[in-house]
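Undergrad: One file is attached below, query_17.txt, containing compact mmCIF, C-alpha atoms.
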# COMPACT_ATOMS: atom_id res chain seq x y z
CA MET O 80 -122.08 82.88 125.75
CA SER O 81 -125.30 82.34 127.69
CA ARG O 82 -125.55 79.61 130.29
CA SER O 83 -128.20 77.73 128.28
CA GLU O 84 -126.02 77.85 125.16
CA ARG O 85 -123.05 76.58 127.17
CA HIS O 86 -125.22 73.82 128.59
CA ARG O 87 -126.47 72.88 125.11
CA LEU O 88 -122.92 72.68 123.75
CA SER O 89 -121.65 70.70 126.72
CA SER O 90 -124.30 68.04 126.06
CA LEU O 91 -123.15 67.48 122.47
CA HIS O 92 -120.73 64.79 121.32
CA ASP O 93 -117.32 65.80 119.99
CA VAL O 94 -118.31 64.84 116.45
CA GLU O 95 -121.41 67.06 116.62
CA LEU O 96 -119.34 69.93 117.97
CA ALA O 97 -116.76 69.43 115.22
CA SER O 98 -119.53 69.48 112.65
CA LEU O 99 -120.86 72.76 114.06
CA ALA O 100 -117.33 74.17 114.14
CA ALA O 101 -116.87 73.19 110.49
CA SER O 102 -119.85 75.39 109.66
CA GLY O 103 -118.11 78.32 111.39
CA ASP O 104 -119.51 77.98 114.93
CA ARG O 105 -116.60 79.20 117.05
CA GLN O 106 -118.48 78.65 120.31
CA ALA O 107 -118.80 74.95 119.48
CA PHE O 108 -115.07 74.80 118.83
CA GLY O 109 -114.50 76.59 122.15
CA GLU O 110 -116.29 73.71 123.87
CA LEU O 111 -113.91 71.26 122.17
CA VAL O 112 -110.96 73.32 123.40
CA ARG O 113 -112.43 73.26 126.91
CA ARG O 114 -112.69 69.46 126.75
CA HIS O 115 -109.33 68.63 125.21
CA GLY O 116 -107.12 71.62 126.07
CA SER O 117 -105.64 70.05 129.19
CA ALA O 118 -104.77 66.80 127.41
CA VAL O 119 -103.00 68.62 124.59
CA ARG O 120 -101.09 70.88 126.97
CA ALA O 121 -100.12 67.88 129.11
CA LEU O 122 -98.86 66.02 126.04
CA LEU O 123 -96.64 68.93 125.01
CA ARG O 124 -95.27 69.20 128.54
CA ARG O 125 -94.57 65.48 128.55
CA MET O 126 -92.69 65.88 125.29
CA GLY O 127 -90.32 68.14 127.21
CA VAL O 128 -91.65 71.61 126.36
CA ASP O 129 -91.82 74.03 129.28
CA ALA O 130 -95.28 74.98 130.55
CA ALA O 131 -95.55 78.48 129.02
CA GLU O 132 -94.29 77.38 125.63
CA ALA O 133 -96.51 74.29 125.75
CA ASP O 134 -99.55 76.53 126.26
CA ASP O 135 -98.48 78.73 123.35
CA LEU O 136 -98.00 75.70 121.10
CA ALA O 137 -101.31 74.22 122.23
CA GLN O 138 -103.07 77.45 121.22
CA ASP O 139 -101.41 77.30 117.80
CA ALA O 140 -102.45 73.66 117.50
CA PHE O 141 -106.10 74.43 118.24
CA ILE O 142 -106.09 77.34 115.77
CA ALA O 143 -104.62 74.98 113.14
CA ALA O 144 -107.26 72.39 114.08
CA PHE O 145 -110.03 74.95 113.59
CA GLU O 146 -108.61 75.90 110.19
CA SER O 147 -108.69 72.27 109.08
CA ILE O 148 -111.73 71.09 111.08
CA ALA O 149 -113.44 70.06 107.83
CA ASP O 150 -110.78 67.33 107.53
CA PHE O 151 -111.95 65.74 110.79
CA ARG O 152 -114.45 63.11 109.73
CA GLY O 153 -115.12 61.63 113.16
CA GLU O 154 -113.48 58.32 112.25
CA GLY O 155 -111.22 58.54 115.30
CA ALA O 156 -111.41 60.52 118.53
CA PHE O 157 -111.17 64.29 118.26
CA GLY O 158 -108.65 64.33 121.12
CA ALA O 159 -106.31 61.97 119.27
CA TRP O 160 -106.66 64.02 116.07
CA VAL O 161 -105.82 67.30 117.75
CA LYS O 162 -102.90 65.73 119.65
CA LYS O 163 -101.35 64.68 116.36
CA ILE O 164 -101.73 68.24 115.10
CA ALA O 165 -100.14 69.55 118.31
CA ALA O 166 -97.18 67.19 117.97
CA ARG O 167 -96.60 68.31 114.38
CA VAL O 168 -96.98 71.99 115.28
CA CYS O 169 -94.39 71.45 118.01
CA MET O 170 -91.97 69.71 115.66
CA ARG O 171 -92.37 72.43 113.02
CA ARG O 172 -91.68 75.10 115.65
CA ALA O 173 -88.63 73.13 116.82
CA GLN O 174 -87.24 73.13 113.29
CA LYS O 175 -87.28 76.96 113.32
CA ASP O 176 -86.45 77.53 116.97
CA LYS O 177 -83.00 76.23 117.89
CA ARG O 178 -83.61 76.73 121.59
CA LEU O 179 -86.69 74.54 121.54
CA ARG O 180 -85.02 71.97 119.28
CA GLY O 181 -82.04 71.79 121.61
CA ARG O 182 -84.32 71.16 124.55
CA LEU O 183 -86.35 68.50 122.77
CA GLU O 184 -83.63 66.62 121.00
CA ALA O 185 -80.78 66.69 123.46
CA ASN O 186 -79.66 63.13 123.89
CA GLU O 187 -78.44 63.44 127.40
CA THR O 188 -79.05 60.96 130.13
CA PRO O 189 -80.72 62.72 133.02
CA GLU O 190 -79.22 62.69 136.43
CA ALA O 191 -79.86 59.44 138.21
CA PRO O 192 -83.37 59.68 139.62
CA ALA O 193 -83.82 59.64 143.35
CA VAL O 194 -84.17 56.20 144.83
CA VAL O 195 -87.82 55.31 144.83
CA ASP O 196 -89.53 53.03 147.25
CA PRO O 197 -90.10 49.86 145.15
CA GLY O 198 -93.66 49.56 146.44
CA ARG O 199 -94.56 53.19 145.74
CA ARG O 200 -96.74 53.89 142.75
CA MET O 201 -95.02 56.29 140.32
CA ASP O 202 -97.00 58.46 137.93
CA LEU O 203 -96.18 58.79 134.26
CA ASP O 204 -94.81 62.33 134.51
CA GLU O 205 -92.40 61.30 137.20
CA ALA O 206 -91.34 58.22 135.23
CA LEU O 207 -90.84 60.27 132.04
CA ARG O 208 -88.42 62.54 133.88
CA GLY O 209 -86.11 59.54 134.20
CA LEU O 210 -85.78 59.25 130.41
CA ALA O 211 -83.27 60.98 128.18
CA ASP O 212 -84.86 63.89 126.28
CA ALA O 213 -84.85 62.10 122.94
CA GLU O 214 -86.36 58.96 124.49
CA ARG O 215 -89.07 60.96 126.22
CA LEU O 216 -89.86 62.81 123.00
CA CYS O 217 -90.09 59.66 120.90
CA VAL O 218 -92.19 57.80 123.50
CA SER O 219 -94.53 60.81 123.86
CA LEU O 220 -94.95 61.15 120.10
CA CYS O 221 -95.71 57.47 119.61
CA TYR O 222 -97.78 56.70 122.71
CA GLY O 223 -99.13 60.15 123.62
CA ALA O 224 -99.76 61.68 120.20
CA GLY O 225 -100.45 58.36 118.50
CA LEU O 226 -97.89 58.79 115.71
CA SER O 227 -96.47 55.66 114.10
CA HIS O 228 -92.71 55.18 114.32
CA ALA O 229 -92.42 56.27 110.70
CA GLU O 230 -94.52 59.39 111.29
CA ALA O 231 -92.44 60.26 114.36
CA ALA O 232 -89.23 59.77 112.36
CA GLU O 233 -90.55 62.09 109.67
CA ALA O 234 -91.70 64.71 112.20
CA LEU O 235 -88.35 64.59 113.99
CA ASN O 236 -86.34 64.34 110.78
CA LEU O 237 -84.52 61.34 112.24
CA PRO O 238 -83.83 57.89 110.76
CA LEU O 239 -86.55 55.36 111.51
CA GLY O 240 -84.09 53.03 113.25
CA THR O 241 -83.00 55.82 115.61
CA VAL O 242 -86.59 56.55 116.58
CA LYS O 243 -87.27 52.85 117.15
CA SER O 244 -84.27 52.48 119.41
CA HIS O 245 -85.20 55.62 121.41
CA VAL O 246 -88.70 54.21 121.85
CA LYS O 247 -87.37 50.80 122.86
CA ARG O 248 -84.97 52.23 125.44
CA GLY O 249 -87.64 54.60 126.73
CA LEU O 250 -90.19 51.81 127.08
CA ASP O 251 -87.71 49.60 128.91
CA LYS O 252 -87.01 52.38 131.42
CA LEU O 253 -90.70 53.16 131.85
CA LYS O 254 -91.47 49.49 132.27
CA ALA O 255 -88.96 49.26 135.10
CA ARG O 256 -90.25 52.37 136.81
CA LEU O 257 -93.96 51.83 136.24
CA ALA O 258 -94.06 48.14 137.11
CA PRO O 259 -95.90 48.66 140.43
CA GLU O 260 -98.38 50.90 138.57
CA GLY O 261 -98.95 48.32 135.87
CA GLU O 262 -99.47 45.57 138.40
CA ALA O 263 -101.88 47.76 140.32
CA MET O 264 -103.87 48.41 137.15
CA GLU O 265 -104.02 44.73 136.33
CA GLY O 266 -105.14 44.04 139.87
CA GLN O 267 -107.91 46.66 139.61
CA ARG O 268 -109.11 45.15 136.35
CA GLY O 269 -109.13 41.69 137.89
CA ASN O 270 -111.20 42.90 140.82
CA GLY O 271 -113.54 45.01 138.70
CA MET A 680 -95.27 42.68 131.95
CA ALA A 681 -95.39 41.51 128.37
CA GLU A 682 -94.27 43.99 125.71
CA MET A 683 -97.78 44.57 124.37
CA GLU A 684 -99.15 45.03 127.85
CA VAL A 685 -96.46 47.64 128.61
CA GLU A 686 -97.39 49.53 125.45
CA ARG A 687 -101.10 49.46 126.28
CA THR A 688 -100.40 50.59 129.84
CA ILE A 689 -98.27 53.49 128.62
CA GLU A 690 -100.98 54.49 126.13
CA ARG A 691 -103.59 54.40 128.90
CA LEU A 692 -101.40 56.50 131.17
CA PHE A 693 -100.86 59.07 128.42
CA ALA A 694 -104.61 59.18 127.80
CA ARG A 695 -105.28 59.88 131.49
CA ALA A 696 -104.05 63.47 131.36
CA PRO A 697 -104.85 65.54 134.42
CA GLU A 698 -107.43 68.33 134.02
CA LEU A 699 -105.46 71.55 134.45
CA GLY A 700 -106.86 74.18 136.79
CA ASP A 701 -106.88 76.94 134.18
CA ALA A 702 -108.62 74.92 131.45
CA ASP A 703 -111.39 77.55 131.08
CA VAL A 704 -108.88 80.41 130.89
CA PHE A 705 -106.95 78.55 128.21
CA ALA A 706 -110.15 77.89 126.22
CA GLU A 707 -111.09 81.57 126.42
CA ARG A 708 -107.65 82.56 125.12
CA VAL A 709 -108.05 80.28 122.11
CA GLN A 710 -111.59 81.62 121.57
CA ARG A 711 -110.30 85.21 121.61
CA ARG A 712 -107.63 84.36 119.05
CA LEU A 713 -110.24 82.74 116.83
CA ASP A 714 -112.50 85.79 117.15
CA ARG A 715 -109.62 88.14 116.33
CA GLY A 716 -108.68 86.06 113.30
CA TRP A 717 -112.30 86.02 112.15
CA ALA A 718 -112.66 89.78 112.52
CA ALA A 719 -109.38 90.33 110.65
CA ARG A 720 -110.57 88.06 107.84
CA ARG A 721 -113.86 89.92 107.52
CA ALA A 722 -112.04 93.26 107.52
CA LEU A 723 -109.68 91.96 104.84
CA ILE A 724 -112.60 90.84 102.67
CA GLY A 725 -114.26 94.23 103.18
CA VAL A 726 -111.12 96.15 102.27
CA ALA A 727 -110.52 93.91 99.24
CA GLY A 728 -114.13 94.52 98.13
CA LEU A 729 -113.76 98.26 98.61
CA VAL A 730 -110.49 98.40 96.69
CA GLY A 731 -111.99 96.25 93.93
CA GLY A 732 -115.06 98.47 93.78
CA VAL A 733 -112.97 101.65 93.59
CA ILE A 734 -110.78 100.17 90.85
CA GLY A 735 -113.85 98.93 88.97
CA ALA A 736 -115.62 102.28 89.28
CA SER A 737 -112.55 104.23 88.16
CA GLN A 738 -112.19 101.91 85.16
CA LEU A 739 -115.82 102.52 84.24
CA ILE A 740 -115.45 106.27 84.53
CA MET A 741 -112.17 106.37 82.62
CA SER A 742 -113.48 104.24 79.79
CA ASN A 743 -116.35 106.72 79.24
CA LEU A 744 -118.65 103.77 79.61
CA PHE A 745 -121.61 105.69 80.93
CA SER A 746 -122.10 107.88 77.87
CA ARG A 747 -121.63 104.84 75.61
CA ALA A 748 -124.03 102.83 77.75
CA GLU A 749 -126.55 105.66 77.58
CA ALA A 750 -126.40 105.72 73.81
CA ALA A 751 -126.49 101.97 73.60
CA SER A 752 -129.31 101.66 76.09
CA SER A 753 -131.65 103.97 74.21
CA GLU A 754 -130.91 102.06 71.01
CA SER A 755 -131.20 98.64 72.68
CA ALA A 756 -134.33 99.69 74.54
CA ARG A 757 -135.93 100.61 71.23
CA VAL A 758 -134.87 97.28 69.69
CA LEU A 759 -135.94 95.39 72.78
CA THR A 760 -139.28 97.12 72.91
CA SER A 761 -140.03 96.38 69.28
CA GLY A 762 -138.83 92.79 69.71
CA VAL A 763 -140.97 92.22 72.73
CA ARG A 764 -143.96 93.77 70.99
CA GLN A 765 -143.47 91.45 68.05
CA LEU A 766 -142.87 88.31 70.11
CA ALA A 767 -145.30 88.86 72.92
CA PRO A 768 -148.04 91.31 72.13
CA GLN A 769 -149.85 90.08 75.20
CA ALA A 770 -147.07 91.58 77.39
CA GLU A 771 -147.86 95.03 76.07
CA TRP A 772 -149.51 95.91 79.33
CA LEU A 773 -146.11 95.59 81.03
CA LEU A 774 -144.29 97.95 78.69
CA ASN A 775 -147.10 100.44 78.52
CA GLY A 776 -148.07 100.10 82.15
CA PRO A 777 -147.09 102.41 84.95
CA ALA A 778 -143.66 100.73 85.29
CA GLY A 779 -142.90 100.27 81.59
CA ILE A 780 -139.31 99.78 80.52
CA GLU A 781 -138.12 100.83 83.99
CA ALA A 782 -139.38 97.48 85.33
CA ILE A 783 -136.99 95.64 83.04
CA TRP A 784 -134.07 97.76 84.14
CA LEU A 785 -135.12 97.32 87.79
CA ALA A 786 -135.19 93.55 87.37
CA ALA A 787 -131.76 93.63 85.73
CA GLY A 788 -130.46 95.76 88.60
CA LEU A 789 -131.85 93.35 91.17
CA ALA A 790 -130.21 90.46 89.34
CA VAL A 791 -126.85 92.27 89.52
CA VAL A 792 -127.32 92.89 93.27
CA ALA A 793 -128.23 89.23 93.80
CA MET A 794 -125.11 88.15 91.92
CA GLY A 795 -123.05 90.50 94.10
CA LEU A 796 -124.51 88.95 97.26
CA VAL A 797 -123.78 85.44 96.00
CA LEU A 798 -120.21 86.47 95.16
CA THR A 799 -119.71 87.99 98.63
CA ARG A 800 -121.05 84.82 100.25
CA ILE A 801 -118.72 82.64 98.19
CA ILE A 802 -115.73 84.80 99.16
CA GLU A 803 -116.70 84.54 102.84
CA GLU A 804 -117.01 80.77 102.56
CA ILE A 805 -113.54 80.59 101.02
Would you kindly transcribe this structure into C-alpha cells?

TA:
Amino acid sequence: MSRSERHRLSSLHDVELASLAASGDRQAFGELVRRHGSAVRALLRRMGVDAAEADDLAQDAFIAAFESIADFRGEGAFGAWVKKIAARVCMRRAQKDKRLRGRLEANETPEAPAVVDPGRRMDLDEALRGLADAERLCVSLCYGAGLSHAEAAEALNLPLGTVKSHVKRGLDKLKARLAPEGEAMEGQRGNG
Amino acid sequence: MAEMEVERTIERLFARAPELGDADVFAERVQRRLDRGWAARRALIGVAGLVGGVIGASQLIMSNLFSRAEAASSESARVLTSGVRQLAPQAEWLLNGPAGIEAIWLAAGLAVVAMGLVLTRIIEEI
C-alpha cells in the first residue's frame, strides 16, 4: 500500500472504513485491524488466554468480522463490536478445545497475591491476576467485551446465576485491589 | 467506591488497552490471511465456472444440439426475415445491408455475453 493511500485511510473514521470494507476494500479493513488489533488481543489475554493463542484467536475474530462487516451499522463503536466477536470466537474455540476450556473455566483460587503497598497504584492486568479464572473470564466478558450477563452465560454455557456470582466476586476483589487507582482517577477528574 | 462507580472504572480500565509493539505485524498477518482467502475464493469461482462450462458444453455436444440448431436457425431465420419484412418494411435496409441477418445474430451473441458477465458479477458478489 502506498504511503498516500495509508495516510488517506488513517484519516478516515471507523464507520467510513467499515463501509469501504463492506464493499470489499481489504486495505480499509487492514486499517481497522491496525487500530483495534491491540485492544482485541489484550482483551483475550485478560480473559486468560495465553499470548500466542490470543493472537491466533484475534486473527480469527478479525476474519469473522470481515466476513460479517455488512452487519456493522455504525450504531456502536467498531472496537466494541469486534471485541464481542472475539469473545464469542474464543468461547466457541473453548467448546472444542478442552485444553483452552480447562484454562478458561478452571475455578481455582490463585495463589495469594504478593503483598502490595496500599498506596501503590495497581494496573488492571495485575489486579485481574488476583482473580480466580472463572471470575476473571466473567468480568472480562462483561466489562471488557461488553456482553450482558445473559449473553456471557450463553457464551459460557453456564447458568445465569453462576455468571452473576462470578462477576460479583470478581468485582469485589478488583474493587479492593484497584481502590487507589479509582481514587486517583476521581482525583484527576476533579482537578481537570 | 459506589457499585456503579466501580463498574464504570473497570469498564474504563478495560477500554484503556495498551498499544502492543507488534500491532503493525499483527495487522499485516490478518491482511495476508484475507488476501489468501480472497484469492482462494476467486480460484474456486473460476474452477466452478470452468467445470460448469465443460459440463454445459459436453451436454450440448452430446445432445446433438448444434445440428438441430443449424436446421432450426435456417428455418427460423427465414420466418424471422419474412416477419420483419412484413412488420417493418422500413428496416429492410438492415436485413439487406452489408451486415444483414448476421447483425441480428451478433446482437444476440452480445446479449448472451452480457448476461454471462452479469452472472459472473453476481456470483462474485455472493

Undergrad: Write down, as a PyMOL selection string, each residue of chain O that has any atom within 10 Å of an atom of chain A, counting only C-alpha atoms.

TA: chain O and resi 102-103+105-106+108-122+125+134-135+137-142+145-146+158-159+202-204+218-219+221-225+250-251+253-255+257-258+260-262+264-265

Undergrad: Would you pick out the contacts of O:His86 at 12 Å or less, using all atoms listed in the file, so that residues sharing its chain but fewer than 4 positions from it are not included, and give the list as a PyMOL selection string?

TA: chain O and resi 80-82+90-91+106-107+110

Undergrad: Expressed in Å to a single decimal, how great is the separation between atom CA of A:Gly732 and atom CA of A:Leu798?

TA: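 Pair atom CA of A:Gly732 / atom CA of A:Leu798 returns 13.1 Å.
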
Undergrad: Work out how far apart atom CA of O:Arg178 and atom CA of O:Asp129 are and give it in Å to one decimal.

TA: 11.6 Å

Undergrad: Centre and edge lengths of an axis-aligned box around all listed atoms of stretch 140-156 of chain O, with 4 Å added on each side, are to be given in Å to one decimal, as lines of an AutoDock Vina configuration file.

TA:
center_x = -108.8
center_y = 67.8
center_z = 113.0
size_x = 20.7
size_y = 27.0
size_z = 19.0

Undergrad: Just give me the gap between atom CA of O:Glu95 and atom CA of O:Trp160 in Å, one decimal is fine.

TA: 15.1 Å

Undergrad: Residues proximal to (-120.2, 93.6, 95.9) were defined as those with any atom within 9 Å of that point in the file's coordinates, counting all atoms listed in the file. Which are they, as a list in words?

TA: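 Within the cut-off we find Gly728, Leu729, Gly731, Gly732, Val792, Met794, Gly795, Leu796, Val797, Leu798 and Thr799 of chain A.
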
Undergrad: Print the selection's residues with C-alpha atoms to a file, as an mmCIF file, in the frame of the given file.

TA:
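The result, stored in part26.cif:
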data_model
loop_
_atom_site.group_PDB
_atom_site.id
_atom_site.type_symbol
_atom_site.label_atom_id
_atom_site.label_comp_id
_atom_site.auth_asym_id
_atom_site.auth_seq_id
_atom_site.Cartn_x
_atom_site.Cartn_y
_atom_site.Cartn_z
ATOM 1 C CA GLY A 728 -114.130 94.520 98.130
ATOM 2 C CA LEU A 729 -113.760 98.260 98.610
ATOM 3 C CA GLY A 731 -111.990 96.250 93.930
ATOM 4 C CA GLY A 732 -115.060 98.470 93.780
ATOM 5 C CA VAL A 792 -127.320 92.890 93.270
ATOM 6 C CA MET A 794 -125.110 88.150 91.920
ATOM 7 C CA GLY A 795 -123.050 90.500 94.100
ATOM 8 C CA LEU A 796 -124.510 88.950 97.260
ATOM 9 C CA VAL A 797 -123.780 85.440 96.000
ATOM 10 C CA LEU A 798 -120.210 86.470 95.160
ATOM 11 C CA THR A 799 -119.710 87.990 98.630
#
